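J.: My structure file data14.cif, mmCIF, C-alpha atoms and all ligand atoms, is below:
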```cif
data_final
loop_
_atom_site.label_atom_id
_atom_site.label_comp_id
_atom_site.auth_asym_id
_atom_site.auth_seq_id
_atom_site.Cartn_x
_atom_site.Cartn_y
_atom_site.Cartn_z
CA MET A 242 0.00 0.00 0.00
CA ALA A 243 1.24 3.52 -0.83
CA VAL A 244 2.71 5.37 2.18
CA LYS A 245 0.94 8.65 3.02
CA LEU A 246 2.80 11.85 3.84
CA SER A 247 1.19 13.34 6.96
CA LYS A 248 0.74 17.09 7.45
CA GLY A 249 3.48 17.06 10.10
CA GLU A 250 5.89 15.18 7.82
CA PHE A 251 5.17 17.58 4.97
CA GLU A 252 6.03 20.51 7.30
CA LYS A 253 9.38 18.90 8.16
CA PHE A 254 10.28 18.36 4.50
CA ARG A 255 9.02 21.81 3.58
CA SER A 256 11.38 23.48 6.05
CA LEU A 257 14.27 21.24 4.99
CA ILE A 258 13.66 22.13 1.32
CA HIS A 259 13.60 25.80 2.26
CA LYS A 260 16.81 25.46 4.26
CA VAL A 261 18.79 23.70 1.52
CA THR A 262 17.41 25.37 -1.63
CA GLY A 263 15.46 28.48 -0.57
CA ILE A 264 12.40 27.08 -2.41
CA HIS A 265 9.00 27.64 -0.82
CA MET A 266 6.77 24.58 -1.24
CA ARG A 267 3.16 25.70 -1.15
CA ASP A 268 0.56 23.56 0.69
CA GLU A 269 -0.80 22.16 -2.57
CA LYS A 270 2.63 20.63 -3.34
CA SER A 271 2.18 18.03 -0.60
CA THR A 272 0.97 15.31 -3.00
CA LEU A 273 3.78 16.06 -5.41
CA ILE A 274 6.37 15.78 -2.64
CA GLU A 275 4.71 12.57 -1.44
CA SER A 276 4.93 10.92 -4.86
CA ARG A 277 8.47 12.14 -5.58
CA LEU A 278 9.83 11.02 -2.20
CA ALA A 279 7.96 7.70 -2.33
CA LYS A 280 10.53 6.65 -4.94
CA ARG A 281 13.33 7.19 -2.43
CA LEU A 282 11.44 5.19 0.22
CA ARG A 283 11.07 2.31 -2.25
CA HIS A 284 14.74 2.61 -3.18
CA PHE A 285 15.77 2.11 0.47
CA GLY A 286 12.96 -0.31 1.28
CA ILE A 287 11.73 1.90 4.13
CA ASP A 288 8.10 2.31 5.04
CA ASN A 289 7.75 5.81 6.45
CA PHE A 290 8.74 9.34 5.60
CA ASN A 291 10.13 10.15 9.05
CA LYS A 292 12.83 7.49 8.64
CA TYR A 293 13.83 9.04 5.32
CA TYR A 294 13.85 12.51 6.89
CA ASP A 295 16.17 11.29 9.67
CA MET A 296 18.45 9.71 7.10
CA LEU A 297 18.85 13.06 5.34
CA GLN A 298 20.23 14.67 8.50
CA ASN A 299 23.63 13.02 8.16
CA ASP A 300 23.92 11.78 4.59
CA ALA A 301 25.19 14.54 2.30
CA MET A 302 25.00 12.35 -0.81
CA GLU A 303 21.37 11.44 -0.20
CA LEU A 304 20.63 15.11 0.53
CA GLN A 305 21.78 15.91 -3.02
CA VAL A 306 19.56 13.11 -4.40
CA PHE A 307 16.72 14.61 -2.35
CA ILE A 308 17.35 18.02 -3.98
CA ASP A 309 17.47 16.37 -7.42
CA THR A 310 14.17 14.64 -6.63
CA ILE A 311 12.21 17.65 -5.41
CA THR A 312 13.30 20.34 -7.89
CA THR A 313 11.13 20.94 -10.95
CA ASN A 314 13.22 21.00 -14.10
CA GLU A 315 10.67 21.60 -16.84
CA THR A 316 12.28 23.31 -19.83
CA SER A 317 12.40 23.36 -23.61
CA PHE A 318 14.56 24.53 -26.50
CA PHE A 319 13.86 28.12 -27.58
CA ARG A 320 11.40 28.57 -24.71
CA GLU A 321 10.10 32.16 -24.77
CA PRO A 322 11.49 32.78 -28.26
CA HIS A 323 11.48 36.60 -27.99
CA HIS A 324 14.58 36.33 -25.75
CA PHE A 325 16.49 34.56 -28.52
CA GLU A 326 15.27 37.18 -31.02
CA PHE A 327 16.54 39.89 -28.66
CA LEU A 328 19.91 38.15 -28.37
CA LYS A 329 20.19 37.72 -32.14
CA SER A 330 18.97 41.14 -33.27
CA ASP A 331 19.73 43.57 -30.43
CA VAL A 332 22.70 42.16 -28.52
CA LEU A 333 25.04 40.06 -30.66
CA PRO A 334 25.37 42.46 -33.63
CA LYS A 335 26.83 45.09 -31.22
CA ILE A 336 29.36 42.78 -29.58
CA ASP A 337 33.01 43.59 -30.30
CA SER A 338 34.77 41.79 -27.43
CA PRO A 339 34.47 38.26 -25.97
CA MET A 340 30.88 37.50 -24.98
CA ARG A 341 30.03 35.59 -21.80
CA ILE A 342 26.54 34.29 -21.07
CA TRP A 343 25.29 32.49 -17.95
CA SER A 344 22.36 30.08 -17.91
CA ALA A 345 21.89 30.36 -14.14
CA ALA A 346 19.22 27.69 -13.58
CA CYS A 347 20.02 25.68 -16.67
CA SER A 348 18.10 22.46 -15.96
CA ILE A 349 18.97 19.90 -18.69
CA GLY A 350 20.66 22.55 -20.85
CA ALA A 351 17.98 23.24 -23.49
CA GLU A 352 18.19 26.99 -22.76
CA ALA A 353 22.00 27.03 -22.99
CA TYR A 354 22.17 25.05 -26.25
CA SER A 355 19.47 27.25 -27.80
CA THR A 356 21.61 30.26 -26.86
CA ALA A 357 24.71 28.56 -28.24
CA MET A 358 23.01 27.92 -31.61
CA VAL A 359 22.18 31.62 -31.93
CA CYS A 360 25.68 32.72 -30.84
CA ASP A 361 27.37 30.35 -33.25
CA GLU A 362 25.16 31.47 -36.11
CA VAL A 363 25.76 35.19 -35.49
CA LEU A 364 29.29 35.27 -34.05
CA GLY A 365 30.77 32.07 -35.43
CA THR A 366 34.51 32.25 -34.86
CA LYS A 367 34.73 36.05 -35.36
CA ILE A 368 34.46 36.74 -31.63
CA LYS A 369 35.12 34.45 -28.67
CA TRP A 370 32.00 33.46 -26.75
CA ASP A 371 31.19 31.06 -23.94
CA ILE A 372 28.18 29.91 -21.97
CA PHE A 373 28.43 29.01 -18.30
CA CYS A 374 25.66 26.66 -17.13
CA SER A 375 24.70 26.05 -13.52
CA ASP A 376 21.95 24.44 -11.51
CA ILE A 377 21.47 23.11 -7.98
CA ASN A 378 20.40 19.73 -9.39
CA VAL A 379 23.36 17.51 -10.39
CA ASP A 380 21.22 15.07 -12.36
CA VAL A 381 20.14 17.73 -14.84
CA ILE A 382 23.69 19.07 -15.11
CA ARG A 383 24.85 15.58 -16.08
CA GLN A 384 22.27 15.46 -18.86
CA ALA A 385 23.17 18.99 -19.99
CA GLN A 386 26.83 17.95 -20.14
CA SER A 387 26.02 14.90 -22.26
CA GLY A 388 24.14 17.02 -24.83
CA LEU A 389 21.96 13.97 -25.52
CA TYR A 390 18.19 14.50 -25.79
CA PRO A 391 15.17 12.38 -26.64
CA ASN A 392 13.65 13.08 -30.06
CA LYS A 393 10.52 14.56 -28.45
CA PHE A 394 12.48 17.86 -28.27
CA ILE A 395 13.10 17.95 -32.04
CA PRO A 396 9.94 19.95 -32.94
CA GLN A 397 11.22 22.82 -30.74
CA ILE A 398 14.30 23.33 -32.94
CA SER A 399 14.19 24.84 -36.43
CA GLU A 400 15.17 22.72 -39.45
CA ARG A 401 18.16 24.97 -40.03
CA TYR A 402 19.55 24.50 -36.52
CA LEU A 403 18.77 20.77 -36.52
CA LYS A 404 20.79 20.30 -39.70
CA ARG A 405 23.64 22.43 -38.42
CA TYR A 406 23.97 21.44 -34.76
CA CYS A 407 22.16 18.15 -34.02
CA LEU A 408 23.20 14.60 -34.86
CA LYS A 409 20.60 11.86 -35.19
CA GLY A 410 21.22 8.92 -32.86
CA PHE A 411 21.67 5.42 -34.28
CA GLY A 412 21.82 1.95 -32.72
CA ARG A 413 21.88 2.33 -28.94
CA GLN A 414 21.09 6.03 -29.37
CA ASP A 415 18.07 5.45 -31.59
CA GLY A 416 15.31 7.81 -30.42
CA ASN A 417 17.80 10.44 -29.25
CA PHE A 418 19.79 13.22 -30.84
CA LEU A 419 23.15 14.63 -29.86
CA ILE A 420 24.33 18.23 -29.85
CA ASP A 421 27.40 18.70 -32.04
CA ASP A 422 30.71 18.79 -30.12
CA HIS A 423 31.79 22.01 -31.75
CA LEU A 424 28.82 23.76 -30.06
CA LYS A 425 29.28 21.88 -26.78
CA ASP A 426 32.89 23.08 -26.57
CA HIS A 427 31.63 26.60 -25.79
CA LEU A 428 29.75 25.43 -22.67
CA SER A 429 30.98 24.77 -19.14
CA PHE A 430 28.99 23.37 -16.21
CA LYS A 431 28.91 23.70 -12.45
CA ARG A 432 26.59 22.81 -9.59
CA LEU A 433 25.65 26.10 -7.91
CA ASN A 434 23.07 26.98 -5.28
CA LEU A 435 21.99 30.54 -6.05
CA MET A 436 20.99 30.98 -2.40
CA GLU A 437 24.69 30.85 -1.49
CA ALA A 438 27.20 33.66 -2.04
CA LEU A 439 28.78 33.31 -5.47
CA ASP A 440 32.47 32.76 -5.90
CA LYS A 441 34.07 35.57 -7.89
CA SER A 442 36.05 32.97 -9.83
CA ILE A 443 33.01 32.35 -12.07
CA GLY A 444 33.79 35.75 -13.62
CA GLU A 445 31.42 38.37 -14.99
CA PHE A 446 28.79 38.04 -17.69
CA ASP A 447 27.30 40.11 -20.51
CA MET A 448 23.96 38.35 -20.24
CA ILE A 449 22.30 36.16 -17.61
CA PHE A 450 19.32 33.88 -18.14
CA LEU A 451 17.47 33.47 -14.82
CA ARG A 452 14.25 32.16 -16.25
CA ASN A 453 11.40 30.19 -14.70
CA MET A 454 13.23 29.71 -11.42
CA LEU A 455 12.09 32.65 -9.27
CA ILE A 456 8.49 31.35 -9.37
CA TYR A 457 9.45 28.72 -6.78
CA PHE A 458 10.56 31.29 -4.18
CA ASN A 459 9.08 33.95 -1.89
CA ASN A 460 10.03 37.61 -2.29
CA PRO A 461 12.91 37.78 0.24
CA GLU A 462 14.64 34.81 -1.45
CA ARG A 463 13.87 36.23 -4.92
CA LYS A 464 15.57 39.48 -3.89
CA TYR A 465 18.62 37.60 -2.59
CA ILE A 466 18.91 35.45 -5.73
CA VAL A 467 18.51 38.31 -8.20
CA GLU A 468 21.02 40.55 -6.38
CA ASN A 469 23.41 37.63 -5.99
CA VAL A 470 23.28 36.83 -9.69
CA VAL A 471 23.40 40.49 -10.77
CA SER A 472 26.62 40.91 -8.74
CA ARG A 473 28.20 38.84 -11.56
CA LEU A 474 26.55 40.86 -14.39
CA LYS A 475 28.68 43.50 -16.15
CA ARG A 476 27.39 47.08 -16.22
CA GLY A 477 25.30 47.40 -19.37
CA GLY A 478 24.69 43.62 -19.31
CA TYR A 479 21.24 42.05 -19.55
CA LEU A 480 19.23 39.90 -17.13
CA LEU A 481 16.38 37.80 -18.55
CA ILE A 482 13.58 36.34 -16.41
CA GLY A 483 10.58 34.15 -17.27
CA HIS A 484 7.34 35.59 -18.64
CA SER A 485 5.39 34.73 -15.47
CA GLU A 486 7.99 36.41 -13.23
CA THR A 487 8.54 40.04 -12.24
CA LEU A 488 11.12 42.07 -10.32
CA PHE A 489 8.52 44.71 -9.41
CA ASN A 490 8.72 45.39 -5.64
CA ILE A 491 11.63 42.95 -5.38
CA THR A 492 14.79 44.84 -6.36
CA ASN A 493 15.98 47.99 -8.14
CA CYS A 494 19.43 46.64 -8.95
CA VAL A 495 18.46 46.36 -12.64
CA LYS A 496 16.23 48.52 -14.87
CA GLN A 497 13.59 47.11 -17.16
CA VAL A 498 14.14 47.67 -20.90
CA LYS A 499 11.36 45.39 -22.20
CA PRO A 500 9.00 42.96 -20.47
CA THR A 501 11.20 40.30 -18.73
CA ILE A 502 14.43 41.97 -20.00
CA TYR A 503 16.50 44.10 -17.60
CA ILE A 504 19.79 46.00 -17.85
CA LYS A 505 22.37 46.65 -15.12
CA PRO A 506 22.92 50.44 -15.05
C1 LIG A 601 11.90 25.11 -14.33
S1 LIG A 601 13.64 25.01 -14.40
C2 LIG A 601 14.03 26.35 -15.50
C3 LIG A 601 14.93 25.92 -16.63
C4 LIG A 601 15.25 27.00 -17.66
N1 LIG A 601 15.87 28.15 -17.05
C5 LIG A 601 14.02 27.40 -18.43
O1 LIG A 601 13.53 28.53 -18.29
O2 LIG A 601 13.52 26.57 -19.21
C6 LIG A 601 14.14 25.67 -12.80
C7 LIG A 601 15.52 25.21 -12.39
O3 LIG A 601 15.92 25.93 -11.21
C8 LIG A 601 16.76 25.07 -10.46
N2 LIG A 601 16.88 25.57 -9.07
C9 LIG A 601 15.96 25.53 -8.09
N3 LIG A 601 16.44 26.06 -6.95
C10 LIG A 601 17.72 26.44 -7.21
C11 LIG A 601 18.75 27.07 -6.45
N4 LIG A 601 18.57 27.40 -5.15
N5 LIG A 601 19.93 27.32 -7.04
C12 LIG A 601 20.13 27.00 -8.35
N6 LIG A 601 19.20 26.40 -9.13
C13 LIG A 601 18.00 26.13 -8.57
C14 LIG A 601 16.05 23.72 -10.57
O4 LIG A 601 16.89 22.64 -10.27
C15 LIG A 601 15.56 23.74 -12.03
O5 LIG A 601 16.44 23.04 -12.88
#
```
Show this structure as structure tokens.
T.:
Amino acid sequence: MAVKLSKGEFEKFRSLIHKVTGIHMRDEKSTLIESRLAKRLRHFGIDNFNKYYDMLQNDAMELQVFIDTITTNETSFFREPHHFEFLKSDVLPKIDSPMRIWSAACSIGAEAYSTAMVCDEVLGTKIKWDIFCSDINVDVIRQAQSGLYPNKFIPQISERYLKRYCLKGFGRQDGNFLIDDHLKDHLSFKRLNLMEALDKSIGEFDMIFLRNMLIYFNNPERKYIVENVVSRLKRGGYLLIGHSETLFNITNCVKQVKPTIYIKP
């Protein structure tokens, strides 16, 4: 019989999730947490959520698996296409020195590879460019690093880009496609929790994608994350957020230039 997550157990996991990721799990997420964590209970052959909670207190590796299990990583190639239009038409044509872009909650990398396709098409080898990809979830970073995707993503990519940057999988890779190495070479990956102070060694960026991540947080955490990320944005650089997100009443560290597009003054 399926194990039920009690209200008290949900509260314990909710505060643990907040402590380790900053994410606020709303009450209606209880069933989702129950079904996601049930997989971990089955994995360990344990029959109640409290035992799993206790286990997380002194098992750093399982704590990372827990984070990988509870984060929502929905994404797609060329999601919110106006951002890629903006990059292609407004930003890249004006670039005359090396361009650095950060996909700050990159999930499986669809956002970063979409960006890379546009950069390669416009900049090619004329100007150096690189894309730094980070996420708190190590599972998705692994997939992003592999550049291997199921064919269900193909309709999101134009024919032109498919021909140029994607290789059809054969044999064991039937049903998947692989991003071309020459594009992948421009990307680097790191596990980063945006609720923790950022190391200056990641450098500074001309553009930061922080899209469809802030929705999972409350305003004080949103403010911390945006200001944290913007500390690594160059003056005159752009910050992009998701269409259902806003920085209104959250921070003034960037100025809006278009809906969901901000500049660091
Ligand atoms: C819905 S995905 C967004 C993916 C992509 N940016 C897009 O718009 O398609 C949100 C991502 O935020 C990541 N995330 C959640 N909390 C985080 C944190 N504290 N630090 C870094 N990444 C986090 C999740 O692991 C997830 O991959």
J.: Env of Lys409 in chain A: 7 Å cut, atoms = only C-alpha atoms, seq-sep filter 4 positions within chain, self excluded. Answer as a list of chain:residue names.
T.: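 The neighbour list is A:Asn417, A:Phe418, A:Leu419.
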J.: Between A:Phe319, A:Phe325, A:Tyr406, A:Phe251, which one has atoms that come closest to ligand LIG 601 (chain A), using all atoms listed in the file?
T.: A:Phe319
J.: Write as a PDB file with C-alpha atoms, in the frame of the given file the residues around ligand LIG 601 (chain A), taking 9 Å as the cut-off and counting all atoms listed in the file.
T.:
```
ATOM      1  CA  VAL A 261      18.790  23.700   1.520  1.00  0.00           C
ATOM      2  CA  THR A 262      17.410  25.370  -1.630  1.00  0.00           C
ATOM      3  CA  GLY A 263      15.460  28.480  -0.570  1.00  0.00           C
ATOM      4  CA  ILE A 264      12.400  27.080  -2.410  1.00  0.00           C
ATOM      5  CA  ILE A 308      17.350  18.020  -3.980  1.00  0.00           C
ATOM      6  CA  ASP A 309      17.470  16.370  -7.420  1.00  0.00           C
ATOM      7  CA  ILE A 311      12.210  17.650  -5.410  1.00  0.00           C
ATOM      8  CA  THR A 312      13.300  20.340  -7.890  1.00  0.00           C
ATOM      9  CA  THR A 313      11.130  20.940 -10.950  1.00  0.00           C
ATOM     10  CA  ASN A 314      13.220  21.000 -14.100  1.00  0.00           C
ATOM     11  CA  GLU A 315      10.670  21.600 -16.840  1.00  0.00           C
ATOM     12  CA  THR A 316      12.280  23.310 -19.830  1.00  0.00           C
ATOM     13  CA  SER A 317      12.400  23.360 -23.610  1.00  0.00           C
ATOM     14  CA  PHE A 318      14.560  24.530 -26.500  1.00  0.00           C
ATOM     15  CA  PHE A 319      13.860  28.120 -27.580  1.00  0.00           C
ATOM     16  CA  ARG A 320      11.400  28.570 -24.710  1.00  0.00           C
ATOM     17  CA  GLU A 321      10.100  32.160 -24.770  1.00  0.00           C
ATOM     18  CA  SER A 344      22.360  30.080 -17.910  1.00  0.00           C
ATOM     19  CA  ALA A 345      21.890  30.360 -14.140  1.00  0.00           C
ATOM     20  CA  ALA A 346      19.220  27.690 -13.580  1.00  0.00           C
ATOM     21  CA  CYS A 347      20.020  25.680 -16.670  1.00  0.00           C
ATOM     22  CA  SER A 348      18.100  22.460 -15.960  1.00  0.00           C
ATOM     23  CA  ILE A 349      18.970  19.900 -18.690  1.00  0.00           C
ATOM     24  CA  GLY A 350      20.660  22.550 -20.850  1.00  0.00           C
ATOM     25  CA  ALA A 351      17.980  23.240 -23.490  1.00  0.00           C
ATOM     26  CA  GLU A 352      18.190  26.990 -22.760  1.00  0.00           C
ATOM     27  CA  ALA A 353      22.000  27.030 -22.990  1.00  0.00           C
ATOM     28  CA  SER A 375      24.700  26.050 -13.520  1.00  0.00           C
ATOM     29  CA  ASP A 376      21.950  24.440 -11.510  1.00  0.00           C
ATOM     30  CA  ILE A 377      21.470  23.110  -7.980  1.00  0.00           C
ATOM     31  CA  ASN A 378      20.400  19.730  -9.390  1.00  0.00           C
ATOM     32  CA  VAL A 379      23.360  17.510 -10.390  1.00  0.00           C
ATOM     33  CA  ASP A 380      21.220  15.070 -12.360  1.00  0.00           C
ATOM     34  CA  VAL A 381      20.140  17.730 -14.840  1.00  0.00           C
ATOM     35  CA  ILE A 382      23.690  19.070 -15.110  1.00  0.00           C
ATOM     36  CA  ARG A 432      26.590  22.810  -9.590  1.00  0.00           C
ATOM     37  CA  LEU A 433      25.650  26.100  -7.910  1.00  0.00           C
ATOM     38  CA  ASN A 434      23.070  26.980  -5.280  1.00  0.00           C
ATOM     39  CA  LEU A 435      21.990  30.540  -6.050  1.00  0.00           C
ATOM     40  CA  MET A 436      20.990  30.980  -2.400  1.00  0.00           C
ATOM     41  CA  GLU A 437      24.690  30.850  -1.490  1.00  0.00           C
ATOM     42  CA  PHE A 450      19.320  33.880 -18.140  1.00  0.00           C
ATOM     43  CA  LEU A 451      17.470  33.470 -14.820  1.00  0.00           C
ATOM     44  CA  ARG A 452      14.250  32.160 -16.250  1.00  0.00           C
ATOM     45  CA  ASN A 453      11.400  30.190 -14.700  1.00  0.00           C
ATOM     46  CA  MET A 454      13.230  29.710 -11.420  1.00  0.00           C
ATOM     47  CA  LEU A 455      12.090  32.650  -9.270  1.00  0.00           C
ATOM     48  CA  ILE A 456       8.490  31.350  -9.370  1.00  0.00           C
ATOM     49  CA  TYR A 457       9.450  28.720  -6.780  1.00  0.00           C
ATOM     50  CA  PHE A 458      10.560  31.290  -4.180  1.00  0.00           C
ATOM     51  CA  ILE A 466      18.910  35.450  -5.730  1.00  0.00           C
ATOM     52  CA  ILE A 482      13.580  36.340 -16.410  1.00  0.00           C
ATOM     53  CA  GLY A 483      10.580  34.150 -17.270  1.00  0.00           C
TER      54      GLY A 483
END
```
J.: Quick one: everything within 10 Å of range 424-428 of chain A, counting only C-alpha atoms, minus sequence neighbours fewer than 6 positions away in the same chain. Send it as a PyMOL selection string.
T.: chain A and resi 341-344+350+353-354+357-358+360-361+369-374+385-388+405-407
J.: Using all atoms listed in the file, which of the listed residues (A:Ile420, A:Ile504, A:Leu389, A:Ile443) sits closest to Lys404 in chain A?
T.: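 Nearest candidate to Lys404 in chain A out of A:Ile420, A:Ile504, A:Leu389, A:Ile443: A:Ile420.
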J.: Write out as a PyMOL selection string each polymer residue whose atoms come within 12 Å of range 280-294 of chain A, counting only C-alpha atoms; drop sequence neighbours fewer than 2 positions from it.
T.: chain A and resi 242-258+273-278+296-300+303-304+306-311
J.: From the list A:Ser338, A:Asn469, A:Ser271, A:Gln384, which residue is nearest Phe430 in chain A when using all atoms listed in the file?
T.: A:Gln384
J.: Rounded to one decimal place, report the CA of Leu474 in chain A-CA of Asp422 in chain A distance in Å.
T.: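 It comes out at 27.4 Å.
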J.: Which is closest to Ile491 in chain A among A:Pro461, A:Gly410, A:Arg473, A:Tyr402, if we use all atoms listed in the file?
T.: A:Pro461
J.: In Å, how far is it from CA of Glu362 in chain A to CA of Arg401 in chain A?
T.: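 CA of Arg401 in chain A lies at a distance of 10.3 Å from CA of Glu362 in chain A.
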J.: Mind pulling up the distance from CA of Pro322 in chain A to CA of Ser399 in chain A?
T.: 11.7 Å
J.: Some atoms are absent from range 300-315 of chain A, so rebuild N, CA and C atoms and return them as a tab-separated table (two decimals), keeping the file's coordinate frame.
T.:
```tsv
chain	number	residue	atom	x	y	z
A	300	ASP	N	23.49	12.44	5.82
A	300	ASP	CA	23.92	11.78	4.59
A	300	ASP	C	23.92	12.82	3.46
A	301	ALA	N	25.09	13.44	3.27
A	301	ALA	CA	25.19	14.54	2.30
A	301	ALA	C	24.87	14.07	0.88
A	302	MET	N	25.26	12.82	0.55
A	302	MET	CA	25.00	12.35	-0.81
A	302	MET	C	23.51	12.18	-1.06
A	303	GLU	N	22.82	11.62	-0.04
A	303	GLU	CA	21.37	11.44	-0.20
A	303	GLU	C	20.67	12.80	-0.20
A	304	LEU	N	21.24	13.77	0.52
A	304	LEU	CA	20.63	15.11	0.53
A	304	LEU	C	20.64	15.70	-0.89
A	305	GLN	N	21.73	15.43	-1.64
A	305	GLN	CA	21.78	15.91	-3.02
A	305	GLN	C	20.73	15.18	-3.88
A	306	VAL	N	20.58	13.86	-3.65
A	306	VAL	CA	19.56	13.11	-4.40
A	306	VAL	C	18.17	13.67	-4.07
A	307	PHE	N	17.98	14.01	-2.80
A	307	PHE	CA	16.72	14.61	-2.35
A	307	PHE	C	16.46	15.91	-3.13
A	308	ILE	N	17.49	16.76	-3.24
A	308	ILE	CA	17.35	18.02	-3.98
A	308	ILE	C	17.02	17.72	-5.45
A	309	ASP	N	17.72	16.74	-6.01
A	309	ASP	CA	17.47	16.37	-7.42
A	309	ASP	C	16.04	15.86	-7.60
A	310	THR	N	15.51	15.22	-6.54
A	310	THR	CA	14.17	14.64	-6.63
A	310	THR	C	13.08	15.69	-6.50
A	311	ILE	N	13.32	16.71	-5.67
A	311	ILE	CA	12.21	17.65	-5.41
A	311	ILE	C	12.21	18.89	-6.32
A	312	THR	N	13.31	19.15	-7.03
A	312	THR	CA	13.30	20.34	-7.89
A	312	THR	C	12.54	20.04	-9.19
A	313	THR	N	11.90	21.07	-9.70
A	313	THR	CA	11.13	20.94	-10.95
A	313	THR	C	11.98	21.49	-12.08
A	314	ASN	N	12.21	20.65	-13.09
A	314	ASN	CA	13.22	21.00	-14.10
A	314	ASN	C	12.63	21.19	-15.50
A	315	GLU	N	11.33	21.46	-15.54
A	315	GLU	CA	10.67	21.60	-16.84
A	315	GLU	C	11.36	22.67	-17.70
```
